[in-house]
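J.: Here it is, the structure, as structure tokens.
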Amino acid sequence: MFAAEVKEHLEKDIIPFWQELRDDVYGGFYGYMGHDLALHEKAVKGCILNSRILWFFSNAYLLLKEERLLEDAKHAFQFLKECCMDRENGGVYWSLAYDGKPEDTTKHTYNQAFAIYALSSYYDASGDELALELAKGLYGIIETKCKDEYGYLEAFNIRFEPEDNDKLSENGVMAEKTMNTLLHVFEAYTELYRVSGDEKVADNIRYMLGLVADKVYNASAGRQEVFFDRTWHTLIDLYSYGHDIEAAWLIDRGLEILGDASYSEKISPITRTITDNIYKRAYKNESLANEAENGVVDATRIWWVQAEAVVGFLNGYQKNPGHWEYLEAAKAIWNYIKDYQIDKRCHEWHWAVDEKRRPLEKPLVDPWKCPYHNGRMCFEVIRRMSDVT
């Protein structure tokens, strides 16, 4: 029932909604739809948005094998290749004008990572060798231009000269390194390694697992820290519930793909602890709170946090089958999503709902709001539920 409902939602709601946002005049997909359902055809097109849409349609095709989905992925690939990538300086821009011209030429490591993630999946779906070549090129850029002796730096100008990391810093701090960017470089490299088998990428995955264990994970608190200076000193007391449950299953996935028993032995206890602590500390009222700063909980229910919680708890159950409460939590959050998170007008998800379960008037589509989290939740539930009784 659970997986069947999720599959129906994917096929009848999420996929058609995003197909309707395809821009057949200027390429890519439209960049903004307000809470009032008004589509802004001349809004900025975020390159992260386009990469995530490419990833989404590639994986939708791999799961469902419908040719239209591969066509939509190809459409996104053409836009990424022809418009999002800087042919002179290398790398992927932050955003484009509606007509595909560069709008914000910031080069951010986070953005390069999502392009690698998307291109790797598109290569898997299409067999297009150019996609893999482009993914490897961006991997090379991250390794040669976005790294110092302590880890991955994040924000750069068009020529990959460092600048302030305002795009990935929040909560009143300016971070040189973030858990979020490290996680998504890890995620991207996991997918690149899966499709390429490149052992150099595997070595980078091991390197990042070491950073997670030694720098990002706070063993005494049983959580990850979020914002750091250049040498991994934490800048704020912030507990990001959504990122922790997302990291738990993404790291487990990376360990599976890497297949290195010594790293699995070292890291798996961390992901188990993270999952258990999120269940005990953040899972309330059949949903997941957003975060806690200085111990003060933000109880807003964010769309992506709910999606990652479903996958994270399902993964937690599969890794620890005695924990039936994780499976029940995943199902309960899905019921919460059905009742409150999905916008009944268009069947895309509300950005957020408040403690009284009322939707906030935030956009349905913008440079950050896309089918990556909720679409991926659907893929993971469908793929994983065959293992669940």
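Numbering starts fresh at 1 for the residues of each chain in the structure tokens, the chains themselves are lettered A, B, ... in the order given, and ligands are numbered from 1 as they appear.
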So which bits of range 14-196 of chain A end up strand (DSSP E or B) when you DSSP the backbone, as a ChimeraX atom specification?

T.: /A:22,29,33,39,45-46,85,92,95-96,102-104,107-108,147-148,151-152,155-156,162,177-178

J.: With range 173-192 of chain A as the partner and 7 Å as the cut-off, tabulate the residues of range 44-117 of chain A that qualify, each row holding the nearest pair of atoms and their distance in Å to one decimal, using only C-alpha atoms, sorted by chain and rising number, as a tab-separated table.

T.:
residue	atom	partner	partner_atom	distance
A:Tyr110	CA	A:Thr181	CA	5.2
A:Ala113	CA	A:Val185	CA	5.1
A:Phe114	CA	A:Ala188	CA	6.4
A:Ile116	CA	A:Ala188	CA	5.7
A:Tyr117	CA	A:Ala188	CA	4.3

J.: Skipping near chain neighbours, those fewer than 6 positions away, what residues fall within 10 Å of Ile257 in chain A using only C-alpha atoms, listed as a PyMOL selection string?

T.: chain A and resi 190-191+193-194+197+202+251

J.: Restricting the calculation to only C-alpha atoms: of A:Ala219, A:Leu255, A:Val310, A:Ala60, which residue gets closest to Ile274 in chain A?

T.: A:Ala219

J.: For CA of Pro359 in chain A and CA of Tyr32 in chain A, quote the distance in Å rounded to one decimal.

T.: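 For CA of Pro359 in chain A relative to CA of Tyr32 in chain A, the distance reads 17.9 Å.
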
J.: Tell me, as a list in words, which residues lie within 10 Å of Glu328 in chain A, counting only C-alpha atoms; anything in the same chain fewer than 6 positions away does not count.

T.: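 My reading of the contact set: Glu286, Val310, Phe313, Leu314, Tyr317 and Trp334 of chain A.
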
J.: Per DSSP on the backbone, filter range 176-344 of chain A down to the residues in helix (DSSP H, G or I) and report them as a ChimeraX atom specification.

T.: /A:179-196,199-216,241-258,261-281,303-319,324-341
